[in-house]
2 protein chains.
Amino acid sequence: MANAQLQSVLDHIDADFDNSLERLFALIRIKSISADPAFAADCKAAADHLAKDLTTVGFATEVRPTAGHPAIVGKSNGHGAAKPHVLFYGHYDVQPVDPLELWHRPPFEPVVADHADGRKIIVARGAEDDKGQLMTFVEACRAWKKVTGSLPLDVTVLIEGEEEVGSKNFVPFLEENKDEFKADFALVCDTGMWDPNTPAITTSLRGLLYEEVKIKAANRDLHSGVFGGGARNPIRVLTEVLGGLFDADGRITIPGFYDGVKDVPPEVLEQWKKLNLTPESFLKPIGLSIPAGEKDRLLIEQISSRPTCDINGIWGGYIGEGSKTVIPSLAHAKVSFRLVEGQDPLKIRKAFRDYVSARIPADCSVEFGDHSAGAAIALDWTMKPLAAAKQALTEEWGKETILMGSGASIPIVTDFKKTLGLDSLLVGFGLDDDNIHSPNEKYDLKSYHKGIRSWARILAALAEMPR
Amino acid sequence: MANAQLQSVLDHIDADFDNSLERLFALIRIKSISADPAFAADCKAAADHLAKDLTTVGFATEVRPTAGHPAIVGKSNGHGAAKPHVLFYGHYDVQPVDPLELWHRPPFEPVVADHADGRKIIVARGAEDDKGQLMTFVEACRAWKKVTGSLPLDVTVLIEGEEEVGSKNFVPFLEENKDEFKADFALVCDTGMWDPNTPAITTSLRGLLYEEVKIKAANRDLHSGVFGGGARNPIRVLTEVLGGLFDADGRITIPGFYDGVKDVPPEVLEQWKKLNLTPESFLKPIGLSIPAGEKDRLLIEQISSRPTCDINGIWGGYIGEGSKTVIPSLAHAKVSFRLVEGQDPLKIRKAFRDYVSARIPADCSVEFGDHSAGAAIALDWTMKPLAAAKQALTEEWGKETILMGSGASIPIVTDFKKTLGLDSLLVGFGLDDDNIHSPNEKYDLKSYHKGIRSWARILAALAEMPR
C-alpha cells in the first residue's frame, strides 16, 4: 500500500472533520444509559442509529438481540487470507448522569468548549466513553472507504450496549455466536493516552469485582428516641464493617486478598520511576495531595499494579433535607475491587463476603448482589500487531508511544481471549481529566481528530505488517 | 366540682367519639411535613384548620407567624386566681414519609384498621405524633365546653409547626412573646404509656444533639479505574470515622462523651429490674434479640438513662440501580446523640466535631451542620400537678400510673423552663409499636379514646387540686 494512499486518507479526514464531529454529536444525543431500565428504548435507538451509520461506511450490518440491550455486528470482507482480519470492539452504552446538578450543561447536548488551559474539548456524557472513542475507528474506516473504495484489511465491527453494566448478556451472546467472530486479533478502543500529546498502548488491565451489600437489622424503621441505645442500627454495622476494610498502612484487610499478587519486575519499576508520576502531577489537578493507597508503594503502583478497593456508593436512613431521628431497618453499599494478575475474582468475592458476614451481629442479616467479576489480564507484549500499531501511533503523534498498564478494567478483553481465543490490542485516546463516569465528561477535540488519523494509520500498518 | 359533672363529660366523650375520630382524620389529611419546603403551604393549611377548630371549642385563637411555619395560640380564660392556669403544648407538623414504598397505604389517608393482635388502630402519618396526641386534649376540652359551658380551669393552647425540625423558629417566638404565655405549669402531650393498658407520666427526658457531616475529597467525581488506589475516597473516610464511634463494649469513643453522666440511683435501678424489660419483650417485636448498647448496662438503662449515638442517615456516590465505578467527591451522614442529665449539648457537639475533624486526611475537608442541640431534663417528681394527674390516669385506666424516664427528647420542655419558668407535666398515650417517624405510623384507637377521657379527668383533677 502506497504512502500516498494513506496521505490521501489523512487529508480527507482533515477536510471532513466537521462532519465527523457532527456524526459523533448525533450519536451522543441518544441517551443510551444502560444501567437504568427507563432508558432501554434509548439504548435500542442508539444501536439502530449506529448500525445505519455503519452501513453507510460499507459494512454489512445487523442489530442483534441479546438478553439485554442489543449488539451491533458489521462486516467488511473481501481480502481473504492475504490480509489480517481484525475484530473491532466498542460500546454505545454510557454511564448514568447523576448527580445532574453538577453538570454545567445538559449531559446529552454535546458542544465544543474551551478548556481552562486552552484545549478545545467536546463536553457530554459519552463524549469519550465510549462513543467518542469508537467513532475514531468508524470515521477512520469511513475515510479509507471514501478515498480508496475499500478498507485495507477485513474488519468485523462488534459494538455492545452493556459494557457499563458488566456485559452480562453480551458475553453469552459472544459465546453463542463465536464462529461468526473469528479473526486474527481484536482492536479495542476504550483506553487512554499517557498525556494529551503522548500516545499509549495499554498492555495490562486490572480486573473488576463489583459487589452490593444490604444489611438488615430491625423489621421496620424505628424511632431513635424510643429504641436508640437498645436496637441495632444497620448503618452503624455497615460503617464498622466497611471502616475496617483498610489498615493504618492503607492495606486491604480481607484475609487472602493479596494472595497471588506479584510485585512489578524491578526493571519495570525503574522505568516507572522515570515517568515521574507525582502527587503534584497526578493528584493536584483533582484537588488532592496525599496518595491514598498502600503507604509502602509508589503512587504509580497504587493506581496501576496494585489491587484496590473502593466504596462506590453508600446509603441508608434519612437522606433528605433537615433531620429525622430514625433508626433505619436497612443500610446499603456498593463496593468494588480492581484486581491484578494472580487474583481470582470468585475467590476474592468469597473472601469479601466471608469478611462481611463474620462481622454481622447475630440478630442482623446481610444480602449480597453481584454486578461484575472480571479477572485482570496481561497482554502479550511481543505480538506483531502491537509493534505495528506502536509505530503508526508514534508517526501520528511525533512522540514515542508508551506501553502502559491501566488501573481500569475492560473485562471484554478476558472474554475475547477465553471465548474467541483472540488477543486484544488496546489503543485509545482518553485522558485522565476526561471525567468519564462523572459530571462534565469531555473528550479532547485533538483526541478525536488525531484519534481518527491514528486509526487510519494503524489500519494501514496492520494491513502491511509481516505475517 | 361534682363527680356527676365529670361523669357527664365522660359520657359525652363516649357518645361523640365517632365525631372526635373524624375531626382527627381531617387534621391528619393535611400533609404538614415541616422538614420539606415543598410542604410549606400544607403546614400553613394545617395551622389554619386547627385554629378554626379551636375556635369552635371556645378558644380565642390566632395563627401567629414565626420565621418558619406558623404557631397557633388559643386562650380560654375567666377563672382568675381561683384556679390554676395551664399552658398546653402540642405540634401539628409531622415527619417525612419516605421510604414511601414501605407504607401499606397512602400515609395521609387515615383509616381504622385491625392490628395483628386484635387491637383497633388508626394508621397514618401523624396518627400518633403528634396530631393524635394533641387532639386527645382538644377533644377533652370540647367535651367540657359542650357539657358544662366552660373549661374547669384557664387554658392557653400553644401549638407549633416545627417540632420535627428542632423548633428553631418556635423558641425565638416563645421568647419574644413570653409575657403572653404566663401560666402555672405546662401540659405536654407527646410521650407514651408504659404498655397498651398501663398509663405513664414521663418524668425525665434525654436531650438531643443532631449533627450533619459532609466530607469532601477530590474536586469532582472520579473514575475508580483511573484514580482508584491513588485518590482518597470520602466514603472510605466517612466509614472509618463513623465506624470508630463505638468500642467493642458498645461504649461511645468520643473523648469526654460520658463526662458528667451519673448512674441511676440504686433504688431506681432495683425498681427498673422489677419491670422486667427484656430483649424478648422489647426487641423481639421489632425482629431483634441482642441489646446494642453498652454491654455492662441493663437494656432499660441503654434505652432510658444512658446517652446514645445513632447514625440516622448516610449517603454518597452512586446509589441507583446497577453499578457505577465512581469515586465520589462527597460523602454525607446525619448523626444524632440522645443526651442525659449532666451532659452539655454544646460541649458534646464540640467533642464530636473535634473527633471527626481529627480523623479527616489533610487533603480532605469536613463541614458540619446542626439540626438541634437540646439538653436532657429531669422533672420535679414532687410537683402537685403530677400527683393529681397520676391519680386521674390511674382512675381512668384502672392500673397504677408509672412514672418513667424516656429515651426520647422533647426539647421544648427545656425551653419552657428556661423561657417561661414553667415546669411541664408530660402525659401521653403513645406506644412503642406506634411506628412514629416510620412507615405505617399508628395510634391505638383505645389510646385516642381513653386519652380524651384521661385529659377530661386530668383537667378536673388539676382544677380541684390543693394550691
# chains A, B, ... in the order shown; residues from 1 in each chain; ligands from 1
call {"tool": "select_by_dssp", "arguments": {"residues": "segment 232-397 of chain B", "states": "helix (DSSP H, G or I)", "output": "PyMOL selection string"}}
result
chain B and resi 234-243+266-275+279-286+299-305+345-357+384-397
call {"tool": "residues_around", "arguments": {"residues": "segment 94-102 of chain B", "least_positions_apart": "3", "cutoff": "8 Å", "atoms": "only C-alpha atoms", "output": "PyMOL selection string"}}
result
(chain A and resi 318+324) or (chain B and resi 31-36+107+125-126+129-130+164+437-440)
call {"tool": "write_last_selection", "arguments": {"atoms": "all heavy atoms", "output": "CSV table (one decimal), in the first residue's frame"}}
result
chain,number,residue,atom,x,y,z
A,318,TYR,N,-32.4,8.4,56.7
A,318,TYR,CA,-33.0,9.6,56.2
A,318,TYR,C,-31.9,10.4,55.5
A,318,TYR,O,-30.9,10.8,56.2
A,318,TYR,CB,-33.7,10.4,57.3
A,318,TYR,CG,-34.3,11.6,56.8
A,318,TYR,CD1,-35.4,11.5,55.9
A,318,TYR,CD2,-33.9,12.9,57.1
A,318,TYR,CE1,-36.0,12.7,55.4
A,318,TYR,CE2,-34.5,14.0,56.6
A,318,TYR,CZ,-35.6,13.9,55.8
A,318,TYR,OH,-36.2,15.0,55.3
A,324,LYS,N,-34.2,13.7,60.8
A,324,LYS,CA,-35.2,12.7,61.2
A,324,LYS,C,-34.6,11.7,62.1
A,324,LYS,O,-33.5,11.2,61.8
A,324,LYS,CB,-35.7,12.0,59.9
A,324,LYS,CG,-36.9,11.0,60.2
A,324,LYS,CD,-37.5,10.5,58.9
A,324,LYS,CE,-38.4,9.3,59.2
A,324,LYS,NZ,-39.0,8.8,58.0
B,31,LYS,N,-51.0,17.5,54.7
B,31,LYS,CA,-49.7,16.9,54.7
B,31,LYS,C,-48.6,17.9,55.3
B,31,LYS,O,-47.8,18.4,54.6
B,31,LYS,CB,-49.3,16.6,53.2
B,31,LYS,CG,-50.3,15.6,52.6
B,31,LYS,CD,-50.0,15.4,51.1
B,31,LYS,CE,-51.1,14.4,50.5
B,31,LYS,NZ,-50.9,14.2,49.1
B,32,SER,N,-48.7,18.1,56.6
B,32,SER,CA,-47.9,19.1,57.2
B,32,SER,C,-46.5,18.6,57.6
B,32,SER,O,-46.1,18.5,58.7
B,32,SER,CB,-48.6,19.7,58.4
B,32,SER,OG,-49.1,18.6,59.2
B,33,ILE,N,-45.7,18.3,56.5
B,33,ILE,CA,-44.3,17.8,56.7
B,33,ILE,C,-43.4,19.0,56.8
B,33,ILE,O,-43.2,19.7,55.9
B,33,ILE,CB,-43.9,16.9,55.5
B,33,ILE,CG1,-44.8,15.7,55.4
B,33,ILE,CG2,-42.4,16.5,55.7
B,33,ILE,CD1,-44.6,15.0,54.1
B,34,SER,N,-42.9,19.3,58.0
B,34,SER,CA,-42.2,20.5,58.2
B,34,SER,C,-40.8,20.5,57.7
B,34,SER,O,-40.2,21.5,57.3
B,34,SER,CB,-42.1,20.8,59.7
B,34,SER,OG,-41.6,19.7,60.4
B,35,ALA,N,-40.2,19.3,57.5
B,35,ALA,CA,-38.8,19.2,57.1
B,35,ALA,C,-38.6,19.6,55.6
B,35,ALA,O,-37.5,20.0,55.2
B,35,ALA,CB,-38.2,17.8,57.3
B,36,ASP,N,-39.7,19.4,54.8
B,36,ASP,CA,-39.6,19.6,53.3
B,36,ASP,C,-40.3,20.9,52.9
B,36,ASP,O,-41.5,21.0,53.0
B,36,ASP,CB,-40.2,18.4,52.7
B,36,ASP,CG,-40.0,18.3,51.2
B,36,ASP,OD1,-39.7,19.4,50.6
B,36,ASP,OD2,-40.1,17.3,50.6
B,107,PRO,N,-50.0,7.5,53.2
B,107,PRO,CA,-49.8,7.9,54.6
B,107,PRO,C,-50.7,9.0,55.1
B,107,PRO,O,-50.9,9.1,56.3
B,107,PRO,CB,-48.3,8.4,54.6
B,107,PRO,CG,-47.9,8.5,53.1
B,107,PRO,CD,-48.8,7.6,52.3
B,125,ARG,N,-49.6,8.8,58.8
B,125,ARG,CA,-48.6,9.7,59.3
B,125,ARG,C,-49.2,10.8,60.2
B,125,ARG,O,-50.2,11.4,59.8
B,125,ARG,CB,-47.8,10.4,58.2
B,125,ARG,CG,-46.8,11.5,58.6
B,125,ARG,CD,-45.8,11.0,59.6
B,125,ARG,NE,-44.6,10.4,59.0
B,125,ARG,CZ,-44.1,9.2,59.4
B,125,ARG,NH1,-44.7,8.5,60.3
B,125,ARG,NH2,-43.1,8.7,58.7
B,126,GLY,N,-48.7,10.9,61.4
B,126,GLY,CA,-49.3,11.8,62.4
B,126,GLY,C,-50.4,11.3,63.2
B,126,GLY,O,-50.9,11.9,64.1
B,129,ASP,N,-48.0,11.0,66.4
B,129,ASP,CA,-47.1,12.0,66.6
B,129,ASP,C,-47.3,13.2,65.7
B,129,ASP,O,-46.8,13.1,64.5
B,129,ASP,CB,-45.6,11.4,66.5
B,129,ASP,CG,-44.5,12.4,66.7
B,129,ASP,OD1,-44.8,13.5,67.3
B,129,ASP,OD2,-43.4,12.1,66.3
B,130,ASP,N,-47.9,14.3,66.0
B,130,ASP,CA,-48.5,14.5,67.4
B,130,ASP,C,-49.9,14.9,67.2
B,130,ASP,O,-50.6,15.3,68.1
B,130,ASP,CB,-47.6,15.6,68.0
B,130,ASP,CG,-48.0,15.8,69.5
B,130,ASP,OD1,-48.0,14.8,70.3
B,130,ASP,OD2,-48.3,17.0,69.9
B,164,GLU,N,-40.6,18.8,64.6
B,164,GLU,CA,-39.9,17.7,63.9
B,164,GLU,C,-38.6,18.2,63.3
B,164,GLU,O,-37.8,17.4,62.7
B,164,GLU,CB,-40.8,17.0,62.9
B,164,GLU,CG,-42.0,16.3,63.5
B,164,GLU,CD,-41.8,15.2,64.5
B,164,GLU,OE1,-40.6,14.9,64.8
B,164,GLU,OE2,-42.8,14.6,64.9
B,437,HIS,N,-42.3,8.3,63.1
B,437,HIS,CA,-41.1,8.6,62.3
B,437,HIS,C,-40.9,7.4,61.3
B,437,HIS,O,-39.8,7.5,60.6
B,437,HIS,CB,-39.9,8.8,63.1
B,437,HIS,CG,-40.0,10.0,64.0
B,437,HIS,ND1,-38.8,10.6,64.6
B,437,HIS,CD2,-41.0,10.7,64.5
B,437,HIS,CE1,-39.3,11.6,65.3
B,437,HIS,NE2,-40.6,11.7,65.3
B,438,SER,N,-41.7,6.5,61.2
B,438,SER,CA,-41.5,5.3,60.3
B,438,SER,C,-42.7,5.1,59.4
B,438,SER,O,-43.8,5.8,59.6
B,438,SER,CB,-41.4,4.0,61.1
B,438,SER,OG,-40.3,4.1,62.0
B,439,PRO,N,-42.6,4.3,58.4
B,439,PRO,CA,-43.8,3.9,57.6
B,439,PRO,C,-44.9,3.3,58.5
B,439,PRO,O,-44.5,2.6,59.5
B,439,PRO,CB,-43.3,2.9,56.6
B,439,PRO,CG,-41.8,3.3,56.4
B,439,PRO,CD,-41.4,3.6,57.8
B,440,ASN,N,-46.1,3.4,58.1
B,440,ASN,CA,-47.2,2.8,58.8
B,440,ASN,C,-47.4,3.2,60.3
B,440,ASN,O,-47.6,2.4,61.1
B,440,ASN,CB,-47.2,1.3,58.7
B,440,ASN,CG,-47.0,0.8,57.2
B,440,ASN,OD1,-47.8,1.3,56.4
B,440,ASN,ND2,-46.0,0.1,56.9
call {"tool": "closest_atom_pairs", "arguments": {"of": "chain B", "to": "chain A", "cutoff": "6 Å", "atoms": "only C-alpha atoms", "output": "CSV"}}
result
residue,atom,partner,partner_atom,distance
B:Ala35,CA,A:Gly322,CA,5.5
B:Ala218,CA,A:Gly287,CA,5.1
B:Asn219,CA,A:Gly287,CA,5.2
B:Asp221,CA,A:Ser438,CA,5.3
B:His223,CA,A:His437,CA,5.9
B:Gly225,CA,A:Ala408,CA,3.5
B:Val226,CA,A:Gly407,CA,5.6
B:Gly228,CA,A:Ile303,CA,6.0
B:Gly229,CA,A:Gly293,CA,4.9
B:Gly230,CA,A:Pro291,CA,4.9
B:Ala231,CA,A:Ala292,CA,5.4
B:Arg232,CA,A:Ala292,CA,5.1
B:Thr239,CA,A:Thr239,CA,4.5
B:Glu240,CA,A:Gly243,CA,3.9
B:Gly243,CA,A:Glu240,CA,3.9
B:Ile286,CA,A:Asn219,CA,5.4
B:Gly287,CA,A:Ala218,CA,5.1
B:Leu288,CA,A:Asp363,CA,5.4
B:Ser289,CA,A:Asp363,CA,5.8
B:Pro291,CA,A:Gly230,CA,4.9
B:Ala292,CA,A:Gly230,CA,5.0
B:Gly293,CA,A:Gly229,CA,4.9
B:Gln302,CA,A:Gly229,CA,5.0
B:Ile303,CA,A:Gly229,CA,5.1
B:Thr308,CA,A:Gly229,CA,5.3
B:Asn312,CA,A:Val326,CA,5.4
B:Gly313,CA,A:Gly317,CA,4.2
B:Ile314,CA,A:Trp315,CA,5.2
B:Trp315,CA,A:Trp315,CA,4.3
B:Gly316,CA,A:Ile314,CA,5.4
B:Gly317,CA,A:Gly313,CA,4.2
B:Tyr318,CA,A:Gly313,CA,4.6
B:Ile319,CA,A:Gly313,CA,5.5
B:Gly322,CA,A:Ala35,CA,5.5
B:Val326,CA,A:Asn312,CA,5.4
B:Ile327,CA,A:Asn312,CA,5.7
B:Asp363,CA,A:Leu288,CA,5.4
B:Gly407,CA,A:Gly225,CA,5.0
B:Ala408,CA,A:Gly225,CA,3.5
B:His437,CA,A:His223,CA,5.9
B:Ser438,CA,A:Asp221,CA,5.3
call {"tool": "closest_residue", "arguments": {"among": "B:Ser204, B:Asn177, B:Thr61, B:Gln5", "to": "Leu151 of chain B", "atoms": "only C-alpha atoms"}}
result
B:Gln5
call {"tool": "residues_around", "arguments": {"residues": "Gly256 of chain A", "least_positions_apart": "3", "cutoff": "9 Å", "atoms": "only C-alpha atoms", "output": "number ranges by chain"}}
result
A: 253, 259-260, 347-348, 351
call {"tool": "select_by_dssp", "arguments": {"residues": "segment 109-150 of chain A", "states": "strand (DSSP E or B)", "output": "ChimeraX atom specification"}}
result
/A:111-114,120-123
call {"tool": "write_last_selection", "arguments": {"atoms": "C-alpha atoms", "output": "PDB file, in the first residue's frame"}}
result
ATOM      1  CA  VAL A 111     -20.779  21.139  22.467  1.00  0.00           C
ATOM      2  CA  VAL A 112     -17.197  22.055  21.709  1.00  0.00           C
ATOM      3  CA  ALA A 113     -15.955  24.183  24.595  1.00  0.00           C
ATOM      4  CA  ASP A 114     -12.716  25.771  25.726  1.00  0.00           C
ATOM      5  CA  LYS A 120     -10.710  22.513  22.771  1.00  0.00           C
ATOM      6  CA  ILE A 121     -12.919  19.860  24.304  1.00  0.00           C
ATOM      7  CA  ILE A 122     -16.125  18.016  23.445  1.00  0.00           C
ATOM      8  CA  VAL A 123     -18.362  18.045  26.544  1.00  0.00           C
TER       9      VAL A 123
END
call {"tool": "residues_around", "arguments": {"residues": "Phe429 of chain B", "least_positions_apart": "6", "cutoff": "10 Å", "atoms": "only C-alpha atoms", "output": "list of chain:residue names"}}
result
B:Glu128, B:Gly132, B:Gln133, B:Thr136, B:Cys189, B:Asp190, B:Thr191, B:Gly192, B:Met193, B:Trp194, B:Asp195, B:Pro196, B:Asn197, B:Thr198, B:Pro199, B:Ala200, B:Ile201, B:Tyr443, B:Asp444, B:Lys446, B:Ser447, B:Tyr448, B:His449, B:Lys450, B:Gly451, B:Ile452, B:Ser454
call {"tool": "residues_around", "arguments": {"residues": "Ala81 of chain A", "least_positions_apart": "6", "cutoff": "12 Å", "atoms": "only C-alpha atoms", "output": "list in words"}}
result
Leu153, Asp154, Ala183, Asp184, Ala463 and Arg467 of chain A
call {"tool": "write_last_selection", "arguments": {"atoms": "N, CA, C and O atoms", "output": "PDB file, in the first residue's frame"}}
result
ATOM      1  N   LEU A 153      -7.976  -3.913   5.042  1.00  0.00           N
ATOM      2  CA  LEU A 153      -7.987  -5.294   5.535  1.00  0.00           C
ATOM      3  C   LEU A 153      -9.415  -5.641   5.948  1.00  0.00           C
ATOM      4  O   LEU A 153     -10.283  -4.752   5.961  1.00  0.00           O
ATOM      5  N   ASP A 154      -9.685  -6.911   6.244  1.00  0.00           N
ATOM      6  CA  ASP A 154     -11.040  -7.307   6.628  1.00  0.00           C
ATOM      7  C   ASP A 154     -11.314  -6.894   8.075  1.00  0.00           C
ATOM      8  O   ASP A 154     -10.481  -7.102   8.963  1.00  0.00           O
ATOM      9  N   ALA A 183     -11.302 -14.138  13.954  1.00  0.00           N
ATOM     10  CA  ALA A 183     -10.451 -13.052  13.449  1.00  0.00           C
ATOM     11  C   ALA A 183      -9.032 -13.368  13.887  1.00  0.00           C
ATOM     12  O   ALA A 183      -8.790 -14.369  14.582  1.00  0.00           O
ATOM     13  N   ASP A 184      -8.094 -12.517  13.471  1.00  0.00           N
ATOM     14  CA  ASP A 184      -6.708 -12.752  13.893  1.00  0.00           C
ATOM     15  C   ASP A 184      -6.411 -12.140  15.250  1.00  0.00           C
ATOM     16  O   ASP A 184      -5.655 -12.684  16.036  1.00  0.00           O
ATOM     17  N   ALA A 463      -2.347  -3.826   7.889  1.00  0.00           N
ATOM     18  CA  ALA A 463      -2.503  -4.473   6.578  1.00  0.00           C
ATOM     19  C   ALA A 463      -1.145  -4.825   5.962  1.00  0.00           C
ATOM     20  O   ALA A 463      -1.018  -5.796   5.212  1.00  0.00           O
ATOM     21  N   ARG A 467       3.472 -11.213   8.200  1.00  0.00           N
ATOM     22  CA  ARG A 467       2.531 -12.170   8.791  1.00  0.00           C
ATOM     23  C   ARG A 467       3.228 -13.475   9.197  1.00  0.00           C
ATOM     24  O   ARG A 467       4.197 -13.852   8.598  1.00  0.00           O
TER      25      ARG A 467
END
call {"tool": "residues_around", "arguments": {"residues": "Gln7 of chain B", "least_positions_apart": "6", "cutoff": "12 Å", "atoms": "only C-alpha atoms", "output": "number ranges by chain"}}
result
B: 1, 13-14, 143-144, 147-148, 396, 453, 456-457, 460
call {"tool": "residues_around", "arguments": {"residues": "segment 50-56 of chain A", "least_positions_apart": "2", "cutoff": "8 Å", "atoms": "only C-alpha atoms", "output": "CSV table (one decimal) with N, CA, C and O atoms, in the first residue's frame"}}
result
chain,number,residue,atom,x,y,z
A,27,LEU,N,-24.7,10.8,17.7
A,27,LEU,CA,-24.7,9.5,18.5
A,27,LEU,C,-24.8,9.9,20.0
A,27,LEU,O,-25.6,9.3,20.7
A,46,ALA,N,-30.0,4.0,20.0
A,46,ALA,CA,-28.5,4.2,19.7
A,46,ALA,C,-28.0,3.1,18.8
A,46,ALA,O,-27.2,3.3,17.9
A,47,ALA,N,-28.4,1.8,19.1
A,47,ALA,CA,-27.9,0.7,18.3
A,47,ALA,C,-28.4,0.8,16.9
A,47,ALA,O,-27.6,0.6,15.9
A,48,ASP,N,-29.7,1.2,16.7
A,48,ASP,CA,-30.2,1.3,15.3
A,48,ASP,C,-29.5,2.4,14.6
A,48,ASP,O,-29.1,2.3,13.4
A,58,GLY,N,-20.1,1.1,4.5
A,58,GLY,CA,-19.9,-0.1,3.7
A,58,GLY,C,-19.9,-1.4,4.4
A,58,GLY,O,-19.6,-2.5,3.9
A,59,PHE,N,-20.2,-1.3,5.7
A,59,PHE,CA,-20.3,-2.6,6.5
A,59,PHE,C,-21.6,-3.3,6.2
A,59,PHE,O,-22.7,-2.6,6.1
A,60,ALA,N,-21.6,-4.6,6.2
A,60,ALA,CA,-22.9,-5.4,6.2
A,60,ALA,C,-23.3,-5.4,7.6
A,60,ALA,O,-22.6,-6.1,8.4
A,61,THR,N,-24.3,-4.7,8.0
A,61,THR,CA,-24.6,-4.5,9.4
A,61,THR,C,-25.9,-5.1,9.9
A,61,THR,O,-26.9,-5.0,9.2
A,62,GLU,N,-25.9,-5.6,11.1
A,62,GLU,CA,-27.1,-6.1,11.8
A,62,GLU,C,-27.2,-5.6,13.2
A,62,GLU,O,-26.2,-5.6,13.9
A,63,VAL,N,-28.4,-5.3,13.6
A,63,VAL,CA,-28.6,-5.1,15.1
A,63,VAL,C,-29.1,-6.4,15.6
A,63,VAL,O,-30.1,-7.0,15.1
A,72,ILE,N,-24.4,-4.7,18.0
A,72,ILE,CA,-24.3,-4.4,16.5
A,72,ILE,C,-23.2,-5.2,15.9
A,72,ILE,O,-22.1,-5.2,16.5
A,73,VAL,N,-23.4,-5.8,14.8
A,73,VAL,CA,-22.4,-6.6,14.1
A,73,VAL,C,-22.3,-6.0,12.7
A,73,VAL,O,-23.3,-5.9,12.0
A,74,GLY,N,-21.1,-5.6,12.3
A,74,GLY,CA,-20.8,-5.1,11.0
A,74,GLY,C,-19.7,-5.8,10.3
A,74,GLY,O,-18.6,-6.0,11.0
A,138,VAL,N,-14.6,4.3,13.5
A,138,VAL,CA,-15.6,4.3,12.5
A,138,VAL,C,-15.3,5.4,11.4
A,138,VAL,O,-15.4,5.1,10.2
call {"tool": "atom_distance", "arguments": {"atom1": "atom CA of Ala389 of chain A", "atom2": "atom CA of Leu187 of chain A"}}
result
10.3 Å
call {"tool": "atom_distance", "arguments": {"atom1": "atom CA of Ala388 of chain B", "atom2": "atom CA of Val427 of chain B"}}
result
12.0 Å
call {"tool": "atom_distance", "arguments": {"atom1": "atom CA of Glu163 of chain B", "atom2": "atom CA of Phe17 of chain B"}}
result
27.6 Å
call {"tool": "decode", "arguments": {"residues": "segment 303-335 of chain A", "atoms": "C-alpha atoms", "output": "PDB file, in the first residue's frame"}}
result
ATOM      1  CA  ILE A 303      -3.053   3.154  40.595  1.00  0.00           C
ATOM      2  CA  SER A 304      -1.851   0.514  38.158  1.00  0.00           C
ATOM      3  CA  SER A 305      -0.218  -2.630  39.517  1.00  0.00           C
ATOM      4  CA  ARG A 306      -1.772  -2.966  42.973  1.00  0.00           C
ATOM      5  CA  PRO A 307      -5.292  -4.261  43.683  1.00  0.00           C
ATOM      6  CA  THR A 308      -7.630  -1.693  45.215  1.00  0.00           C
ATOM      7  CA  CYS A 309     -10.976  -1.377  46.923  1.00  0.00           C
ATOM      8  CA  ASP A 310     -13.453   1.483  46.607  1.00  0.00           C
ATOM      9  CA  ILE A 311     -16.824   2.084  48.169  1.00  0.00           C
ATOM     10  CA  ASN A 312     -18.659   3.465  45.127  1.00  0.00           C
ATOM     11  CA  GLY A 313     -21.917   4.167  46.903  1.00  0.00           C
ATOM     12  CA  ILE A 314     -23.460   4.061  50.370  1.00  0.00           C
ATOM     13  CA  TRP A 315     -26.965   4.805  51.575  1.00  0.00           C
ATOM     14  CA  GLY A 316     -29.355   4.245  54.431  1.00  0.00           C
ATOM     15  CA  GLY A 317     -31.788   6.055  56.722  1.00  0.00           C
ATOM     16  CA  TYR A 318     -32.979   9.593  56.195  1.00  0.00           C
ATOM     17  CA  ILE A 319     -31.047  11.423  53.499  1.00  0.00           C
ATOM     18  CA  GLY A 320     -33.401  14.300  52.725  1.00  0.00           C
ATOM     19  CA  GLU A 321     -33.420  17.883  53.937  1.00  0.00           C
ATOM     20  CA  GLY A 322     -33.397  18.546  57.656  1.00  0.00           C
ATOM     21  CA  SER A 323     -33.420  15.884  60.325  1.00  0.00           C
ATOM     22  CA  LYS A 324     -35.249  12.700  61.190  1.00  0.00           C
ATOM     23  CA  THR A 325     -34.483  10.702  64.296  1.00  0.00           C
ATOM     24  CA  VAL A 326     -34.841   7.348  62.628  1.00  0.00           C
ATOM     25  CA  ILE A 327     -33.011   4.080  63.141  1.00  0.00           C
ATOM     26  CA  PRO A 328     -33.451   2.537  59.699  1.00  0.00           C
ATOM     27  CA  SER A 329     -34.029  -1.144  59.136  1.00  0.00           C
ATOM     28  CA  LEU A 330     -31.657  -1.297  56.143  1.00  0.00           C
ATOM     29  CA  ALA A 331     -28.258   0.014  55.099  1.00  0.00           C
ATOM     30  CA  HIS A 332     -26.630  -0.457  51.685  1.00  0.00           C
ATOM     31  CA  ALA A 333     -23.296  -0.100  49.942  1.00  0.00           C
ATOM     32  CA  LYS A 334     -21.743  -0.716  46.552  1.00  0.00           C
ATOM     33  CA  VAL A 335     -18.155  -1.904  46.888  1.00  0.00           C
TER      34      VAL A 335
END
